[in-house]
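Note sheet for the following structure.
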Amino acid sequence: MPSTRTLKSVAESLIKESSTPFSAEEYLERVKNRWRRRIAPSTLEGLKQNLQGHHLLIDSPEGGYLPYRLVLNRIGHLPLLIQISPLEWQNKVMIPGHQMIPFLSGGLAEEDLAFEDLEGNEMPRRQVSFYIEEVLTHYEYCGEAHFPDRIRINEHLPGKSRIDLTVWDIAPLVESGRLKPGDAIKVTLSDYHAGRFRFSIYSREDLRRDRLRQRAFYVALETAMKRQWEDEPPKTPTLEKQLLRTLYYLDDEYLTPPALALTDLIESLTHLSLYRGSDRSLHFAPLEAVLPEEAVWEEAPRMPQGNTGSLDEIFQDMGLAFSEPEFKAILYSLMGQDDFNPEAVFKLLFEGKQDAFYSKKQHNAFYRKLRTMLNAICVELKHPEPKLVTQLRTRTAFIKLRLIEILRYFEDQEVTLPDLPETILDQLADLDMFCVDALRKMADRPRPPDVKAIRDIRLGLKVMQPHLDQLEEDIYYRLGIY
């Protein structure tokens, strides 16, 4: 049965099919011409916003967008170099990891990749379990979307936790002598969206012979990235998109390298360094851009404005330690189960803030919006939801409340951020970031999170729970705050 044609599917198809640069205005015109119906201005604005950070678009220096099809048509022939680590030789397997950057599709997991061997047949793959520390270096530069998530936490010995990986069998090549120690593997892109690559052997002799050409390619690539950064820093740089954009604009004379190896490129850098942004994504930047002064922790200044636009704006205006999605997720748990004491929870959330409204107008707006939210939650609670989602939301909400309790403790003890060890602050930030992300995904009860998100939250809870237990032990009994 054919899928229903929707505005979203039309808009996505246009992005996927595009093979020329375009501006946001040109894109909206194409959407209107293809859809042939009236589109509300707010919907058009949403489509325009969707272009920013889209997984198949790269910001162009001219202010528009480069579609992936255009970029890959120019540079998709570049082979990627995969070095075989001692662990892989020992197990006679190939673990691609971050060595597939920048040709690893954002819409695929590593296990979805397919490699054609020397005869054109698809290489066999299988599941193998490793200790996490054994394979961590294979995914050092992968974003969260491509980091393997089949992790089995050893709660008694976290250092012995294991991870299940999809690996590709190279035993026939090793046993036949065609792949020898010191050799590497070249893979060439066949189909980006399907994640298909052609496989060939890169002998040790060829590696040695091509060393100077390889070095010249990395120098040209680094020079181009540095120049781009100086001319106009990327708006939302990610490692993959930054490399693709730089390669696309590279002169033709440099686009015939022996191969591209991400780890070799990083090790060859002299003017750039690898930088992790606030959203935890990686990108290259000049050295001076990634050597900030020593971080200083201080309270962010807060100037109440009397905002009444949304509960989120009101919470921020009042200086509360939670967002609207977090608050809604907590209310789901509070109203749907008997695990929480409503009076104690509201006292914890709003203690000392009841009279912190900027004005009577903000006070009335808060309670009006709160009543609307509560009425919607009462209706939604009448419909069943997966038990697992309910349990995960409850456990995450409990962690968030414990974090707020820690903040209340600091306030009672008149402790400010500069008074705390940086390790404590980092742990608090990590725990809070997990709660913000997980509760946001579970704040819309009629639309539960997808399977991958549920798996990520389950894994995160296994990791965060013991960290929070230890953090509370350190704060309440070892810091000596009286």
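Ordering of the structure tokens sets the chain letters (A, B, ...); residue numbers start at 1 within each chain; ligands are numbered from 1 in the order shown.
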Each range 315-372 of chain A residue no farther than 10 Å from range 399-407 of chain A, nearest pair in Å, only C-alpha atoms, as JSON lines:
{"residue": "A:Leu320", "atom": "CA", "partner": "A:Ile404", "partner_atom": "CA", "distance": 9.5}
{"residue": "A:Ala321", "atom": "CA", "partner": "A:Ile404", "partner_atom": "CA", "distance": 6.9}
{"residue": "A:Phe322", "atom": "CA", "partner": "A:Lys400", "partner_atom": "CA", "distance": 8.6}
{"residue": "A:Glu326", "atom": "CA", "partner": "A:Lys400", "partner_atom": "CA", "distance": 8.5}
{"residue": "A:Phe327", "atom": "CA", "partner": "A:Lys400", "partner_atom": "CA", "distance": 9.9}
{"residue": "A:Ile330", "atom": "CA", "partner": "A:Lys400", "partner_atom": "CA", "distance": 8.7}
{"residue": "A:Val345", "atom": "CA", "partner": "A:Leu401", "partner_atom": "CA", "distance": 7.8}
{"residue": "A:Leu348", "atom": "CA", "partner": "A:Glu405", "partner_atom": "CA", "distance": 6.9}
{"residue": "A:Leu349", "atom": "CA", "partner": "A:Ile404", "partner_atom": "CA", "distance": 7.4}
Only N, CA and C atoms, please: the residues just picked out, written as a compact mmCIF listing (two decimals), in the first residue's frame.
# COMPACT_ATOMS: atom_id res chain seq x y z
N LEU A 320 13.77 29.30 38.29
CA LEU A 320 13.53 27.92 38.72
C LEU A 320 14.49 26.97 38.02
N ALA A 321 14.72 25.83 38.63
CA ALA A 321 15.75 24.90 38.18
C ALA A 321 15.21 23.81 37.25
N PHE A 322 14.13 24.11 36.54
CA PHE A 322 13.56 23.11 35.64
C PHE A 322 12.83 23.82 34.52
N GLU A 326 10.26 19.37 31.50
CA GLU A 326 10.61 18.61 32.71
C GLU A 326 9.47 18.67 33.72
N PHE A 327 8.90 19.84 33.90
CA PHE A 327 7.80 20.01 34.85
C PHE A 327 6.61 19.15 34.45
N ILE A 330 7.33 15.52 35.17
CA ILE A 330 7.23 15.27 36.62
C ILE A 330 5.77 15.18 37.04
N VAL A 345 6.57 17.39 46.82
CA VAL A 345 7.18 17.68 45.52
C VAL A 345 7.00 19.16 45.17
N LEU A 348 9.22 21.30 47.19
CA LEU A 348 10.60 21.23 46.72
C LEU A 348 10.80 22.07 45.45
N LEU A 349 9.86 21.96 44.52
CA LEU A 349 9.99 22.66 43.25
C LEU A 349 9.90 24.18 43.41
Per-residue DSSP, range 152-393 of chain A, filtered to strand (DSSP E or B), as number ranges by chain: A: 152, 162-169, 184-191, 196-202, 260, 272-276, 282-286
Dump of N, CA, C and O atoms for the selected residues, as a tab-separated table (two decimals), in the first residue's frame:
chain	number	residue	atom	x	y	z
A	152	ARG	N	26.20	-3.27	28.01
A	152	ARG	CA	25.72	-4.03	29.17
A	152	ARG	C	26.54	-3.61	30.38
A	152	ARG	O	27.71	-3.97	30.51
A	162	ARG	N	30.48	-4.30	29.27
A	162	ARG	CA	30.75	-4.80	27.93
A	162	ARG	C	29.84	-4.11	26.90
A	162	ARG	O	28.82	-3.52	27.25
A	163	ILE	N	30.25	-4.21	25.65
A	163	ILE	CA	29.50	-3.62	24.55
A	163	ILE	C	29.43	-4.62	23.41
A	163	ILE	O	30.42	-5.30	23.11
A	164	ASP	N	28.25	-4.77	22.83
A	164	ASP	CA	28.06	-5.68	21.69
A	164	ASP	C	28.19	-4.88	20.40
A	164	ASP	O	27.45	-3.92	20.18
A	165	LEU	N	29.12	-5.28	19.55
A	165	LEU	CA	29.38	-4.59	18.30
A	165	LEU	C	29.06	-5.47	17.10
A	165	LEU	O	29.20	-6.69	17.17
A	166	THR	N	28.66	-4.81	16.01
A	166	THR	CA	28.58	-5.49	14.72
A	166	THR	C	29.95	-5.35	14.06
A	166	THR	O	30.47	-4.24	13.91
A	167	VAL	N	30.57	-6.48	13.72
A	167	VAL	CA	31.89	-6.47	13.09
A	167	VAL	C	31.83	-7.23	11.77
A	167	VAL	O	30.92	-8.04	11.55
A	168	TRP	N	32.80	-6.96	10.89
A	168	TRP	CA	32.85	-7.61	9.58
A	168	TRP	C	34.01	-8.59	9.55
A	168	TRP	O	35.13	-8.28	10.00
A	169	ASP	N	33.74	-9.78	9.03
A	169	ASP	CA	34.68	-10.90	9.10
A	169	ASP	C	35.76	-10.75	8.02
A	169	ASP	O	35.46	-10.77	6.82
A	184	ALA	N	46.49	-2.17	5.12
A	184	ALA	CA	45.27	-1.48	5.54
A	184	ALA	C	44.17	-1.79	4.54
A	184	ALA	O	44.35	-2.61	3.62
A	185	ILE	N	43.03	-1.18	4.73
A	185	ILE	CA	41.87	-1.41	3.86
A	185	ILE	C	41.39	-0.06	3.32
A	185	ILE	O	41.36	0.93	4.04
A	186	LYS	N	41.05	-0.05	2.05
A	186	LYS	CA	40.41	1.11	1.44
A	186	LYS	C	38.94	0.78	1.22
A	186	LYS	O	38.61	-0.32	0.77
A	187	VAL	N	38.07	1.74	1.52
A	187	VAL	CA	36.66	1.56	1.18
A	187	VAL	C	36.21	2.77	0.38
A	187	VAL	O	36.56	3.92	0.69
A	188	THR	N	35.44	2.52	-0.66
A	188	THR	CA	34.96	3.58	-1.55
A	188	THR	C	33.44	3.58	-1.53
A	188	THR	O	32.81	2.51	-1.62
A	189	LEU	N	32.85	4.76	-1.43
A	189	LEU	CA	31.40	4.90	-1.31
A	189	LEU	C	30.70	4.46	-2.59
A	189	LEU	O	31.05	4.88	-3.69
A	190	SER	N	29.69	3.59	-2.43
A	190	SER	CA	28.84	3.19	-3.56
A	190	SER	C	27.46	3.84	-3.48
A	190	SER	O	26.93	4.33	-4.47
A	191	ASP	N	26.86	3.83	-2.27
A	191	ASP	CA	25.52	4.38	-2.08
A	191	ASP	C	25.46	4.96	-0.67
A	191	ASP	O	25.45	4.23	0.32
A	196	ARG	N	26.47	1.66	1.52
A	196	ARG	CA	27.20	0.60	0.82
A	196	ARG	C	28.57	1.13	0.37
A	196	ARG	O	28.71	2.24	-0.12
A	197	PHE	N	29.59	0.27	0.55
A	197	PHE	CA	30.96	0.62	0.22
A	197	PHE	C	31.65	-0.54	-0.48
A	197	PHE	O	31.34	-1.71	-0.21
A	198	ARG	N	32.59	-0.20	-1.38
A	198	ARG	CA	33.44	-1.21	-2.03
A	198	ARG	C	34.74	-1.32	-1.25
A	198	ARG	O	35.28	-0.33	-0.78
A	199	PHE	N	35.26	-2.51	-1.22
A	199	PHE	CA	36.36	-2.87	-0.33
A	199	PHE	C	37.58	-3.23	-1.17
A	199	PHE	O	37.47	-3.92	-2.18
A	200	SER	N	38.76	-2.73	-0.77
A	200	SER	CA	40.00	-3.17	-1.42
A	200	SER	C	41.13	-3.14	-0.41
A	200	SER	O	41.01	-2.49	0.65
A	201	ILE	N	42.21	-3.82	-0.71
A	201	ILE	CA	43.35	-3.90	0.20
A	201	ILE	C	44.37	-2.84	-0.17
A	201	ILE	O	44.68	-2.63	-1.34
A	202	TYR	N	44.89	-2.16	0.83
A	202	TYR	CA	45.92	-1.13	0.66
A	202	TYR	C	47.20	-1.68	1.28
A	202	TYR	O	47.35	-1.70	2.50
A	260	LEU	N	41.66	9.01	2.45
A	260	LEU	CA	41.44	9.93	3.58
A	260	LEU	C	41.30	9.11	4.85
A	260	LEU	O	40.44	8.24	4.94
A	272	LEU	N	45.34	23.72	13.49
A	272	LEU	CA	43.99	23.47	13.99
A	272	LEU	C	44.03	22.45	15.11
A	272	LEU	O	45.02	21.73	15.30
A	273	SER	N	42.95	22.41	15.84
A	273	SER	CA	42.79	21.39	16.87
A	273	SER	C	41.34	20.92	16.85
A	273	SER	O	40.47	21.56	16.26
A	274	LEU	N	41.09	19.81	17.51
A	274	LEU	CA	39.73	19.28	17.59
A	274	LEU	C	39.05	19.87	18.82
A	274	LEU	O	39.63	19.87	19.92
A	275	TYR	N	37.85	20.37	18.63
A	275	TYR	CA	37.14	21.08	19.68
A	275	TYR	C	35.76	20.47	19.88
A	275	TYR	O	35.08	20.14	18.91
A	276	ARG	N	35.36	20.33	21.12
A	276	ARG	CA	34.01	19.81	21.43
A	276	ARG	C	33.13	20.97	21.84
A	276	ARG	O	33.43	21.69	22.78
A	282	LEU	N	31.78	17.46	17.71
A	282	LEU	CA	33.18	17.77	17.47
A	282	LEU	C	33.35	18.58	16.19
A	282	LEU	O	32.60	18.39	15.23
A	283	HIS	N	34.33	19.47	16.17
A	283	HIS	CA	34.68	20.16	14.94
A	283	HIS	C	36.10	20.69	15.06
A	283	HIS	O	36.68	20.77	16.14
A	284	PHE	N	36.67	21.05	13.91
A	284	PHE	CA	38.01	21.63	13.88
A	284	PHE	C	37.91	23.14	14.05
A	284	PHE	O	36.99	23.79	13.54
A	285	ALA	N	38.89	23.71	14.75
A	285	ALA	CA	38.97	25.15	14.92
A	285	ALA	C	40.42	25.54	15.11
A	285	ALA	O	41.24	24.71	15.53
A	286	PRO	N	40.77	26.80	14.82
A	286	PRO	CA	42.15	27.25	15.05
A	286	PRO	C	42.55	27.06	16.51
A	286	PRO	O	41.72	27.13	17.42
Gly107 in chain A: which residues within 12 Å, counting only C-alpha atoms, same-chain residues fewer than 2 positions away excluded, as a list in words?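 Final neighbour list, sorted by chain and number: His54, His55, Leu56, Phe103, Leu104, Ser105, Ala109, Glu110, Glu111, Asp112, Leu113, Ala145, His146, Tyr192, His193, Ala194 and Gly195 of chain A.
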Provide the CA of Glu232 in chain A to CA of Asp59 in chain A distance in Å, to one decimal place. 11.1 Å
Write down as a PyMOL selection string the residues of range 111-248 of chain A whose backbone DSSP state falls under helix (DSSP H, G or I). chain A and resi 111-112+132-139+144-146+158-160+171-176+204-209+211-231+239-248
Using only C-alpha atoms, which residues sit within 12 Å of range 37-44 of chain A once same-chain residues fewer than 4 positions away are excluded, as a list in words? Thr6, Leu7, Lys8, Ala11, Ala24, Glu25, Tyr27, Leu28, Glu29, Arg30, Val31, Lys32, Asn33, Lys48, Gln49, Asn50 and Leu51 of chain A
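Of note, CA of Tyr409 in chain A and CA of Glu472 in chain A are spaced 10.9 Å apart.
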Spatial neighbours of Glu88 in chain A, max dist 10 Å, only C-alpha atoms, sep filter under 4 positions, as a PyMOL selection string: chain A and resi 83-84+92-95+135+167-170
Near-Leu388 in chain A list (12 Å; only C-alpha atoms; drop same-chain fewer than 6 positions) as a list in words: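 Contacts, in chain order: Thr394, Arg395, Met442, Pro448, Pro449, Val451, Ile454, Arg455, Ile457 and Arg458 of chain A.
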Can I get the selection written as a PDB file, in the first residue's frame, with all heavy atoms?
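The new file result.pdb reads:
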ATOM      1  N   THR A 394       9.352   7.886  35.611  1.00  0.00           N
ATOM      2  CA  THR A 394       9.340   7.997  37.071  1.00  0.00           C
ATOM      3  C   THR A 394      10.753   8.002  37.639  1.00  0.00           C
ATOM      4  O   THR A 394      11.097   8.831  38.492  1.00  0.00           O
ATOM      5  CB  THR A 394       8.530   6.838  37.684  1.00  0.00           C
ATOM      6  OG1 THR A 394       7.188   6.890  37.206  1.00  0.00           O
ATOM      7  CG2 THR A 394       8.533   6.916  39.204  1.00  0.00           C
ATOM      8  N   ARG A 395      11.596   7.110  37.145  1.00  0.00           N
ATOM      9  CA  ARG A 395      12.974   7.039  37.649  1.00  0.00           C
ATOM     10  C   ARG A 395      13.755   8.307  37.300  1.00  0.00           C
ATOM     11  O   ARG A 395      14.531   8.822  38.111  1.00  0.00           O
ATOM     12  CB  ARG A 395      13.671   5.810  37.072  1.00  0.00           C
ATOM     13  CG  ARG A 395      13.122   4.488  37.601  1.00  0.00           C
ATOM     14  CD  ARG A 395      13.743   3.311  36.881  1.00  0.00           C
ATOM     15  NE  ARG A 395      15.191   3.267  37.056  1.00  0.00           N
ATOM     16  CZ  ARG A 395      15.998   2.464  36.367  1.00  0.00           C
ATOM     17  NH1 ARG A 395      15.489   1.666  35.439  1.00  0.00           N
ATOM     18  NH2 ARG A 395      17.301   2.479  36.587  1.00  0.00           N
ATOM     19  N   MET A 442      10.026  12.413  27.132  1.00  0.00           N
ATOM     20  CA  MET A 442       8.876  11.725  27.736  1.00  0.00           C
ATOM     21  C   MET A 442       7.821  12.703  28.239  1.00  0.00           C
ATOM     22  O   MET A 442       6.983  12.345  29.069  1.00  0.00           O
ATOM     23  CB  MET A 442       9.361  10.835  28.885  1.00  0.00           C
ATOM     24  CG  MET A 442      10.279   9.712  28.423  1.00  0.00           C
ATOM     25  SD  MET A 442      10.777   8.562  29.738  1.00  0.00           S
ATOM     26  CE  MET A 442      11.942   9.578  30.645  1.00  0.00           C
ATOM     27  N   PRO A 448       4.936   8.667  22.714  1.00  0.00           N
ATOM     28  CA  PRO A 448       6.081   8.160  23.487  1.00  0.00           C
ATOM     29  C   PRO A 448       7.354   8.171  22.648  1.00  0.00           C
ATOM     30  O   PRO A 448       7.308   8.196  21.419  1.00  0.00           O
ATOM     31  CB  PRO A 448       5.658   6.722  23.836  1.00  0.00           C
ATOM     32  CG  PRO A 448       4.647   6.352  22.797  1.00  0.00           C
ATOM     33  CD  PRO A 448       3.939   7.619  22.439  1.00  0.00           C
ATOM     34  N   PRO A 449       8.513   8.176  23.295  1.00  0.00           N
ATOM     35  CA  PRO A 449       9.786   8.167  22.559  1.00  0.00           C
ATOM     36  C   PRO A 449       9.948   6.890  21.750  1.00  0.00           C
ATOM     37  O   PRO A 449       9.337   5.852  22.046  1.00  0.00           O
ATOM     38  CB  PRO A 449      10.836   8.271  23.674  1.00  0.00           C
ATOM     39  CG  PRO A 449      10.135   7.858  24.920  1.00  0.00           C
ATOM     40  CD  PRO A 449       8.703   8.207  24.752  1.00  0.00           C
ATOM     41  N   VAL A 451      12.083   3.651  19.910  1.00  0.00           N
ATOM     42  CA  VAL A 451      12.808   2.539  20.534  1.00  0.00           C
ATOM     43  C   VAL A 451      14.234   2.932  20.896  1.00  0.00           C
ATOM     44  O   VAL A 451      14.732   2.606  21.978  1.00  0.00           O
ATOM     45  CB  VAL A 451      12.801   1.310  19.593  1.00  0.00           C
ATOM     46  CG1 VAL A 451      13.677   0.206  20.165  1.00  0.00           C
ATOM     47  CG2 VAL A 451      11.377   0.796  19.392  1.00  0.00           C
ATOM     48  N   ILE A 454      14.302   5.166  23.959  1.00  0.00           N
ATOM     49  CA  ILE A 454      14.036   4.377  25.166  1.00  0.00           C
ATOM     50  C   ILE A 454      15.283   3.600  25.577  1.00  0.00           C
ATOM     51  O   ILE A 454      15.642   3.531  26.763  1.00  0.00           O
ATOM     52  CB  ILE A 454      12.845   3.420  24.934  1.00  0.00           C
ATOM     53  CG1 ILE A 454      11.539   4.227  24.845  1.00  0.00           C
ATOM     54  CG2 ILE A 454      12.757   2.373  26.044  1.00  0.00           C
ATOM     55  CD1 ILE A 454      10.333   3.389  24.498  1.00  0.00           C
ATOM     56  N   ARG A 455      15.962   3.020  24.594  1.00  0.00           N
ATOM     57  CA  ARG A 455      17.186   2.273  24.889  1.00  0.00           C
ATOM     58  C   ARG A 455      18.253   3.192  25.469  1.00  0.00           C
ATOM     59  O   ARG A 455      18.951   2.835  26.426  1.00  0.00           O
ATOM     60  CB  ARG A 455      17.678   1.615  23.605  1.00  0.00           C
ATOM     61  CG  ARG A 455      18.704   0.516  23.798  1.00  0.00           C
ATOM     62  CD  ARG A 455      18.813  -0.319  22.550  1.00  0.00           C
ATOM     63  NE  ARG A 455      19.095   0.493  21.379  1.00  0.00           N
ATOM     64  CZ  ARG A 455      18.773   0.169  20.144  1.00  0.00           C
ATOM     65  NH1 ARG A 455      18.118  -0.942  19.913  1.00  0.00           N
ATOM     66  NH2 ARG A 455      19.080   0.950  19.129  1.00  0.00           N
ATOM     67  N   ILE A 457      17.744   6.007  27.143  1.00  0.00           N
ATOM     68  CA  ILE A 457      17.353   6.427  28.495  1.00  0.00           C
ATOM     69  C   ILE A 457      17.608   5.303  29.497  1.00  0.00           C
ATOM     70  O   ILE A 457      18.102   5.549  30.609  1.00  0.00           O
ATOM     71  CB  ILE A 457      15.872   6.853  28.510  1.00  0.00           C
ATOM     72  CG1 ILE A 457      15.674   8.114  27.649  1.00  0.00           C
ATOM     73  CG2 ILE A 457      15.396   7.115  29.940  1.00  0.00           C
ATOM     74  CD1 ILE A 457      14.223   8.471  27.407  1.00  0.00           C
ATOM     75  N   ARG A 458      17.289   4.080  29.105  1.00  0.00           N
ATOM     76  CA  ARG A 458      17.540   2.938  30.005  1.00  0.00           C
ATOM     77  C   ARG A 458      19.017   2.829  30.332  1.00  0.00           C
ATOM     78  O   ARG A 458      19.412   2.629  31.494  1.00  0.00           O
ATOM     79  CB  ARG A 458      17.052   1.634  29.368  1.00  0.00           C
ATOM     80  CG  ARG A 458      15.551   1.513  29.256  1.00  0.00           C
ATOM     81  CD  ARG A 458      15.143   0.187  28.663  1.00  0.00           C
ATOM     82  NE  ARG A 458      15.404  -0.933  29.562  1.00  0.00           N
ATOM     83  CZ  ARG A 458      15.137  -2.205  29.266  1.00  0.00           C
ATOM     84  NH1 ARG A 458      14.619  -2.516  28.095  1.00  0.00           N
ATOM     85  NH2 ARG A 458      15.379  -3.154  30.129  1.00  0.00           N
TER      86      ARG A 458
END
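Interatomic distance, CA of Glu222 in chain A against CA of Tyr141 in chain A: 17.2 Å.
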So, counting only C-alpha atoms, which residue among A:Arg204, A:Gln391, A:Gln214, A:Ser60 is closest to Ser268 in chain A?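 Among the listed residues, the smallest separation from Ser268 in chain A belongs to A:Gln214.
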Within 9 Å of Thr20 in chain A, counting only C-alpha atoms, which residues qualify if same-chain residues fewer than 3 places away don't, as a list in words?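 Near neighbours after the sequence-gap exclusion: Tyr65, Leu66, Pro67, Arg69 and Leu70 of chain A.
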For Trp89 in chain A, which residue out of A:Lys452, A:Arg150, A:Lys180, A:Arg34 is the nearest one, using only C-alpha atoms?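 Nearest to Trp89 in chain A: A:Lys180.
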